[in-house]
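Colleague: input28.cif (mmCIF, N, CA and C atoms) pasted underneath:
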data_model
loop_
_atom_site.label_atom_id
_atom_site.label_comp_id
_atom_site.auth_asym_id
_atom_site.auth_seq_id
_atom_site.Cartn_x
_atom_site.Cartn_y
_atom_site.Cartn_z
N MET A 150 117.54 105.07 124.01
CA MET A 150 117.19 106.47 123.97
C MET A 150 117.60 107.04 122.61
N VAL A 151 116.73 107.87 122.03
CA VAL A 151 117.01 108.50 120.75
C VAL A 151 117.43 109.94 121.01
N ALA A 152 118.52 110.37 120.38
CA ALA A 152 119.13 111.66 120.68
C ALA A 152 118.29 112.86 120.28
N ASN A 153 117.78 112.91 119.07
CA ASN A 153 117.06 114.09 118.59
C ASN A 153 115.60 113.75 118.32
N PRO A 154 114.75 113.85 119.34
CA PRO A 154 113.36 113.48 119.14
C PRO A 154 112.64 114.48 118.22
N PRO A 155 111.71 113.99 117.42
CA PRO A 155 110.91 114.89 116.59
C PRO A 155 109.88 115.59 117.45
N VAL A 156 109.23 116.59 116.89
CA VAL A 156 108.10 117.20 117.58
C VAL A 156 106.97 116.19 117.56
N LEU A 157 106.47 115.85 118.73
CA LEU A 157 105.42 114.84 118.84
C LEU A 157 104.07 115.51 118.91
N TYR A 158 103.12 114.98 118.16
CA TYR A 158 101.79 115.55 118.16
C TYR A 158 100.78 114.44 117.90
N ASN A 159 99.89 114.23 118.82
CA ASN A 159 98.86 113.21 118.68
C ASN A 159 97.56 113.93 118.37
N ARG A 160 97.11 113.87 117.13
CA ARG A 160 95.99 114.68 116.68
C ARG A 160 94.65 113.95 116.68
N LEU A 161 94.47 112.97 117.54
CA LEU A 161 93.22 112.22 117.55
C LEU A 161 92.02 113.05 117.93
N ASN A 162 92.21 114.22 118.50
CA ASN A 162 91.09 115.08 118.84
C ASN A 162 90.70 115.99 117.68
N SER A 163 91.35 115.85 116.53
CA SER A 163 91.03 116.67 115.37
C SER A 163 90.47 115.79 114.26
N ASP A 164 90.13 116.42 113.14
CA ASP A 164 89.61 115.68 111.99
C ASP A 164 90.70 114.81 111.40
N ILE A 165 90.29 113.72 110.75
CA ILE A 165 91.26 112.86 110.08
C ILE A 165 91.58 113.43 108.70
N GLY A 166 92.70 113.00 108.15
CA GLY A 166 93.08 113.43 106.82
C GLY A 166 92.14 112.85 105.78
N PRO A 167 92.07 113.43 104.60
CA PRO A 167 91.12 112.97 103.58
C PRO A 167 91.34 111.54 103.12
N GLU A 168 92.58 111.03 103.16
CA GLU A 168 92.85 109.67 102.70
C GLU A 168 93.06 108.69 103.85
N ASP A 169 92.78 109.12 105.06
CA ASP A 169 93.02 108.30 106.25
C ASP A 169 91.73 107.65 106.74
N ILE A 170 91.90 106.76 107.71
CA ILE A 170 90.76 106.09 108.34
C ILE A 170 91.03 106.01 109.84
N ARG A 171 89.98 106.24 110.65
CA ARG A 171 90.11 106.15 112.11
C ARG A 171 89.41 104.88 112.56
N VAL A 172 90.12 104.07 113.35
CA VAL A 172 89.60 102.76 113.74
C VAL A 172 89.85 102.50 115.22
N VAL A 173 89.15 101.49 115.73
CA VAL A 173 89.50 100.88 117.00
C VAL A 173 90.16 99.56 116.62
N ALA A 174 91.34 99.29 117.17
CA ALA A 174 92.09 98.09 116.81
C ALA A 174 92.61 97.41 118.08
N ARG A 175 93.00 96.15 117.93
CA ARG A 175 93.55 95.37 119.04
C ARG A 175 94.94 94.89 118.64
N MET A 176 95.88 94.96 119.59
CA MET A 176 97.24 94.46 119.37
C MET A 176 97.22 92.93 119.45
N LEU A 177 97.59 92.25 118.37
CA LEU A 177 97.64 90.79 118.35
C LEU A 177 99.04 90.26 118.62
N SER A 178 100.04 90.89 118.01
CA SER A 178 101.43 90.49 118.24
C SER A 178 102.34 91.68 117.96
N ILE A 179 103.50 91.67 118.59
CA ILE A 179 104.46 92.76 118.43
C ILE A 179 105.79 92.16 118.02
N ARG A 180 106.37 92.69 116.95
CA ARG A 180 107.67 92.20 116.47
C ARG A 180 108.80 92.89 117.20
N ASN A 181 109.94 92.22 117.27
CA ASN A 181 111.14 92.81 117.88
C ASN A 181 111.65 93.96 117.03
N SER A 182 112.51 94.79 117.61
CA SER A 182 113.10 95.89 116.86
C SER A 182 113.91 95.33 115.70
N ASP A 183 114.15 96.16 114.70
CA ASP A 183 114.82 95.73 113.47
C ASP A 183 116.00 96.66 113.21
N SER A 184 117.21 96.14 113.34
CA SER A 184 118.42 96.97 113.19
C SER A 184 118.57 97.54 111.79
N SER A 185 117.83 97.02 110.80
CA SER A 185 117.94 97.54 109.44
C SER A 185 117.09 98.79 109.24
N LEU A 186 116.23 99.12 110.21
CA LEU A 186 115.37 100.30 110.09
C LEU A 186 116.06 101.53 110.66
N GLU A 187 115.54 102.70 110.29
CA GLU A 187 116.07 103.95 110.81
C GLU A 187 115.60 104.15 112.26
N ALA A 188 116.32 105.01 112.98
CA ALA A 188 115.95 105.35 114.35
C ALA A 188 114.55 105.97 114.34
N PRO A 189 113.77 105.69 115.32
CA PRO A 189 114.02 104.93 116.53
C PRO A 189 113.72 103.43 116.39
N CYS A 190 113.27 103.01 115.21
CA CYS A 190 112.83 101.61 115.04
C CYS A 190 113.98 100.62 115.00
N ASN A 191 115.21 101.10 114.92
CA ASN A 191 116.36 100.19 115.00
C ASN A 191 116.66 99.82 116.46
N GLN A 192 116.05 100.54 117.40
CA GLN A 192 116.26 100.27 118.82
C GLN A 192 114.98 99.86 119.55
N PHE A 193 113.84 100.26 119.03
CA PHE A 193 112.56 100.02 119.70
C PHE A 193 111.57 99.37 118.75
N ARG A 194 110.61 98.66 119.30
CA ARG A 194 109.62 97.94 118.50
C ARG A 194 108.67 98.91 117.79
N CYS A 195 108.49 98.70 116.48
CA CYS A 195 107.65 99.59 115.67
C CYS A 195 106.63 98.84 114.82
N VAL A 196 106.68 97.52 114.77
CA VAL A 196 105.80 96.75 113.89
C VAL A 196 104.98 95.77 114.71
N ALA A 197 103.68 95.70 114.38
CA ALA A 197 102.78 94.80 115.10
C ALA A 197 101.70 94.28 114.16
N GLU A 198 101.12 93.15 114.54
CA GLU A 198 99.92 92.68 113.85
C GLU A 198 98.74 93.18 114.67
N ILE A 199 97.77 93.78 113.97
CA ILE A 199 96.59 94.31 114.65
C ILE A 199 95.34 93.71 114.03
N MET A 200 94.25 93.77 114.78
CA MET A 200 92.93 93.38 114.30
C MET A 200 92.05 94.62 114.36
N ILE A 201 91.40 94.93 113.24
CA ILE A 201 90.47 96.05 113.22
C ILE A 201 89.19 95.60 113.92
N GLU A 202 88.82 96.28 114.98
CA GLU A 202 87.61 95.96 115.74
C GLU A 202 86.42 96.78 115.27
N GLU A 203 86.68 98.04 114.89
CA GLU A 203 85.59 98.94 114.48
C GLU A 203 86.16 100.05 113.62
N VAL A 204 85.43 100.45 112.59
CA VAL A 204 85.78 101.62 111.80
C VAL A 204 84.95 102.78 112.34
N ILE A 205 85.63 103.83 112.78
CA ILE A 205 84.96 104.99 113.35
C ILE A 205 84.63 106.02 112.29
N GLU A 206 85.62 106.31 111.44
CA GLU A 206 85.44 107.37 110.44
C GLU A 206 86.40 107.13 109.28
N ARG A 207 85.93 107.49 108.09
CA ARG A 207 86.77 107.42 106.88
C ARG A 207 86.94 108.83 106.34
N GLY A 208 88.16 109.14 105.86
CA GLY A 208 88.38 110.42 105.19
C GLY A 208 87.58 110.47 103.90
N ARG A 209 87.32 111.66 103.41
CA ARG A 209 86.42 111.81 102.25
C ARG A 209 86.94 111.15 100.97
N THR A 210 88.26 110.96 100.86
CA THR A 210 88.79 110.30 99.67
C THR A 210 89.47 108.97 100.00
N TYR A 211 89.16 108.41 101.18
CA TYR A 211 89.73 107.13 101.57
C TYR A 211 89.31 106.07 100.56
N TYR A 212 90.27 105.28 100.08
CA TYR A 212 89.99 104.28 99.04
C TYR A 212 90.22 102.84 99.51
N GLY A 213 90.69 102.65 100.70
CA GLY A 213 91.08 101.32 101.16
C GLY A 213 89.92 100.41 101.50
N SER A 214 90.27 99.22 101.94
CA SER A 214 89.26 98.19 102.22
C SER A 214 89.27 97.72 103.67
N LEU A 215 89.79 98.52 104.57
CA LEU A 215 89.80 98.11 105.97
C LEU A 215 88.38 98.04 106.52
N GLU A 216 88.08 96.93 107.16
CA GLU A 216 86.78 96.72 107.78
C GLU A 216 86.98 96.00 109.10
N ALA A 217 85.97 96.02 109.94
CA ALA A 217 86.03 95.29 111.20
C ALA A 217 86.27 93.81 110.90
N GLY A 218 87.13 93.19 111.69
CA GLY A 218 87.45 91.78 111.53
C GLY A 218 88.70 91.50 110.71
N LYS A 219 89.26 92.52 110.05
CA LYS A 219 90.48 92.32 109.25
C LYS A 219 91.72 92.43 110.11
N LYS A 220 92.70 91.57 109.81
CA LYS A 220 94.02 91.64 110.44
C LYS A 220 94.96 92.36 109.49
N ALA A 221 95.95 93.04 110.05
CA ALA A 221 96.91 93.75 109.22
C ALA A 221 98.22 93.93 109.98
N ILE A 222 99.29 94.15 109.22
CA ILE A 222 100.58 94.52 109.79
C ILE A 222 100.61 96.04 109.85
N ALA A 223 100.96 96.57 111.01
CA ALA A 223 100.96 98.02 111.22
C ALA A 223 102.35 98.50 111.61
N PHE A 224 102.71 99.65 111.07
CA PHE A 224 103.99 100.29 111.37
C PHE A 224 103.73 101.54 112.20
N PHE A 225 104.37 101.62 113.35
CA PHE A 225 104.24 102.76 114.27
C PHE A 225 105.54 103.58 114.18
N PRO A 226 105.61 104.63 113.39
CA PRO A 226 106.86 105.37 113.23
C PRO A 226 107.37 106.00 114.53
N MET A 227 106.48 106.24 115.50
CA MET A 227 106.89 106.79 116.79
C MET A 227 107.14 105.67 117.79
N THR A 228 107.11 104.44 117.38
CA THR A 228 107.32 103.20 118.13
C THR A 228 106.09 102.78 118.92
N ILE A 229 106.10 101.53 119.35
CA ILE A 229 105.03 100.97 120.17
C ILE A 229 105.32 101.22 121.65
N GLU A 230 106.53 101.63 121.95
CA GLU A 230 106.96 101.90 123.32
C GLU A 230 106.41 103.25 123.80
N PRO A 231 106.33 103.45 125.11
CA PRO A 231 105.92 104.76 125.62
C PRO A 231 106.91 105.85 125.20
N THR A 232 106.39 107.01 124.87
CA THR A 232 107.24 108.11 124.44
C THR A 232 108.32 108.43 125.46
N VAL A 233 107.99 108.37 126.74
CA VAL A 233 108.99 108.70 127.77
C VAL A 233 110.17 107.74 127.77
N LYS A 234 109.99 106.53 127.28
CA LYS A 234 111.09 105.57 127.19
C LYS A 234 111.98 105.86 125.99
N VAL A 235 111.37 106.21 124.86
CA VAL A 235 112.11 106.45 123.62
C VAL A 235 112.73 107.84 123.61
N TYR A 236 111.98 108.82 124.07
CA TYR A 236 112.41 110.22 124.07
C TYR A 236 112.30 110.77 125.49
N PRO A 237 113.18 110.37 126.41
CA PRO A 237 113.00 110.74 127.81
C PRO A 237 113.07 112.24 128.10
N GLY A 238 113.65 113.02 127.25
CA GLY A 238 113.76 114.46 127.50
C GLY A 238 112.60 115.26 126.97
N VAL A 239 111.62 114.64 126.33
CA VAL A 239 110.51 115.36 125.72
C VAL A 239 109.53 115.81 126.80
N VAL A 240 109.26 117.09 126.83
CA VAL A 240 108.27 117.64 127.76
C VAL A 240 107.37 118.61 127.00
N ASN A 241 106.22 118.90 127.58
CA ASN A 241 105.27 119.87 127.02
C ASN A 241 104.78 119.51 125.62
N GLN A 242 104.72 118.24 125.32
CA GLN A 242 104.15 117.79 124.06
C GLN A 242 103.21 116.64 124.36
N GLN A 243 102.23 116.44 123.46
CA GLN A 243 101.39 115.28 123.63
C GLN A 243 102.22 114.05 123.31
N VAL A 244 102.03 113.01 124.07
CA VAL A 244 102.87 111.84 123.92
C VAL A 244 102.03 110.58 123.78
N PHE A 245 102.68 109.49 123.43
CA PHE A 245 102.03 108.21 123.25
C PHE A 245 102.32 107.31 124.45
N SER A 246 101.30 106.59 124.88
CA SER A 246 101.37 105.79 126.11
C SER A 246 102.14 104.49 125.96
N GLY A 247 102.29 104.02 124.74
CA GLY A 247 102.82 102.69 124.50
C GLY A 247 101.67 101.70 124.48
N LEU A 248 101.87 100.55 123.84
CA LEU A 248 100.82 99.54 123.71
C LEU A 248 101.37 98.16 124.05
N ASN A 249 100.52 97.32 124.59
CA ASN A 249 100.86 95.94 124.92
C ASN A 249 99.90 94.98 124.21
N LEU A 250 100.23 93.70 124.25
CA LEU A 250 99.38 92.69 123.62
C LEU A 250 97.96 92.74 124.15
N ASP A 251 97.01 92.56 123.26
CA ASP A 251 95.59 92.47 123.53
C ASP A 251 94.95 93.79 123.96
N GLU A 252 95.69 94.89 123.93
CA GLU A 252 95.09 96.18 124.27
C GLU A 252 94.34 96.75 123.08
N LEU A 253 93.26 97.46 123.38
CA LEU A 253 92.49 98.17 122.37
C LEU A 253 92.99 99.60 122.28
N PHE A 254 93.02 100.14 121.06
CA PHE A 254 93.42 101.52 120.87
C PHE A 254 92.67 102.13 119.70
N VAL A 255 92.51 103.44 119.74
CA VAL A 255 91.95 104.19 118.62
C VAL A 255 93.14 104.71 117.84
N ALA A 256 93.06 104.60 116.51
CA ALA A 256 94.19 105.04 115.69
C ALA A 256 93.74 105.66 114.38
N ASP A 257 94.53 106.61 113.90
CA ASP A 257 94.39 107.13 112.55
C ASP A 257 95.41 106.38 111.70
N ILE A 258 94.94 105.80 110.60
CA ILE A 258 95.79 104.95 109.76
C ILE A 258 95.88 105.54 108.36
N SER A 259 97.08 105.47 107.82
CA SER A 259 97.34 105.84 106.44
C SER A 259 98.27 104.78 105.88
N GLY A 260 98.22 104.54 104.59
CA GLY A 260 99.19 103.61 104.03
C GLY A 260 98.64 102.72 102.96
N ALA A 261 99.49 101.80 102.49
CA ALA A 261 99.12 100.89 101.41
C ALA A 261 98.00 99.98 101.86
N GLN A 262 96.88 100.06 101.19
CA GLN A 262 95.74 99.23 101.52
C GLN A 262 95.17 98.69 100.22
N ALA A 263 95.21 97.39 100.08
CA ALA A 263 94.76 96.77 98.84
C ALA A 263 93.27 96.96 98.64
N ILE A 264 92.87 97.09 97.41
CA ILE A 264 91.46 97.29 97.08
C ILE A 264 90.77 95.95 96.87
N ASP A 265 91.51 94.88 96.63
CA ASP A 265 90.91 93.60 96.24
C ASP A 265 90.34 92.76 97.38
N GLN A 266 90.32 93.28 98.61
CA GLN A 266 89.73 92.62 99.77
C GLN A 266 90.50 91.40 100.27
N THR A 267 91.53 90.93 99.59
CA THR A 267 92.21 89.71 100.03
C THR A 267 93.53 90.00 100.74
N GLU A 268 94.21 91.04 100.35
CA GLU A 268 95.51 91.37 100.94
C GLU A 268 95.48 92.80 101.44
N ILE A 269 96.11 93.02 102.57
CA ILE A 269 96.28 94.37 103.07
C ILE A 269 97.76 94.56 103.30
N GLY A 270 98.32 95.63 102.75
CA GLY A 270 99.73 95.91 102.95
C GLY A 270 99.98 96.46 104.33
N GLU A 271 101.19 96.89 104.57
CA GLU A 271 101.54 97.46 105.86
C GLU A 271 100.83 98.80 106.03
N LEU A 272 100.23 98.98 107.18
CA LEU A 272 99.52 100.21 107.50
C LEU A 272 100.41 101.10 108.34
N LYS A 273 100.31 102.39 108.15
CA LYS A 273 101.10 103.33 108.95
C LYS A 273 100.17 103.96 109.98
N ILE A 274 100.50 103.78 111.25
CA ILE A 274 99.71 104.35 112.34
C ILE A 274 100.20 105.76 112.59
N LEU A 275 99.38 106.74 112.23
CA LEU A 275 99.77 108.14 112.38
C LEU A 275 99.67 108.61 113.82
N ASN A 276 98.62 108.19 114.51
CA ASN A 276 98.35 108.59 115.88
C ASN A 276 97.62 107.45 116.55
N TYR A 277 97.75 107.37 117.86
CA TYR A 277 96.93 106.38 118.56
C TYR A 277 96.71 106.80 119.99
N LYS A 278 95.67 106.25 120.58
CA LYS A 278 95.36 106.48 121.99
C LYS A 278 94.78 105.20 122.56
N LEU A 279 95.29 104.78 123.69
CA LEU A 279 94.82 103.58 124.36
C LEU A 279 93.36 103.76 124.77
N VAL A 280 92.54 102.72 124.56
CA VAL A 280 91.15 102.72 125.01
C VAL A 280 91.14 102.17 126.42
N LYS A 281 90.64 102.92 127.34
CA LYS A 281 90.64 102.49 128.75
C LYS A 281 89.39 101.72 129.07
#
Once more with this new file: its structure as structure tokens, please.

Modeller:
Amino acid sequence: MVANPPVLYNRLNSDIGPEDIRVVARMLSIRNSDSSLEAPCNQFRCVAEIMIEEVIERGRTYYGSLEAGKKAIAFFPMTIEPTVKVYPGVVNQQVFSGLNLDELFVADISGAQAIDQTEIGELKILNYKLVK
């Protein structure tokens, strides 16, 4: 449990940022928590390998090379765990459901994305929603 939860807001129902990209992705693997990271990632899993299944929308100044079929390492600053597990006292805010292996989700992504088509750096998942 994390003592001081941030204000949680999942903005997938709004426009994406100008440098962001909205995708459908699949969870391929999930790494264990890392004690060298700041809370909540020192207690809960925040890093996963994902596969981009579909690009839904690109921000007007998006410069990256993410395309369907690419694998990438993704960082979830709000964790991969359900919000109620990480921040049990949070109420009246939009929350994250948590993700498991092989699940599809829609996400807004921001972060280091190589232009050369061969390497993709760690992506930051700003928001996500499980695809049912």

Colleague: Within 6 Å of region 214-229 of chain A, counting only N, CA and C atoms, which residues show up once you throw out same-chain ones fewer than 4 positions away? Write them as an MDAnalysis selection string, please.

Modeller: chainID A and resid 193:204 247:248 262:264 270:274

Colleague: Expressed in Å to a single decimal, how great is the separation between atom C of Tyr236 (chain A) and CA of Asn276 (chain A)?

Modeller: 17.1 Å

Colleague: On this file, the PyMOL selection byres ((chain A and resi 166) around 7) gives some set of residues; write that set as a PyMOL selection string.

Modeller: chain A and resi 164-165+167-170+207-210

Colleague: Would you kindly translate the PyMOL selection byres ((chain A and resi 254) around 6.5) into the concrete residues it picks from this file, as a ChimeraX atom specification?

Modeller: /A:172-176,252-253,255-256,277-280

Colleague: Rounded to one decimal, what separation in Å do you get between CA of Val244 (chain A) and CA of Pro231 (chain A)?

Modeller: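 Interatomic distance here is 7.9 Å.
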
Colleague: Just how far from atom C of Glu230 (chain A) is CA of Asp251 (chain A), in Å to one decimal?

Modeller: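 It comes out at 15.3 Å.
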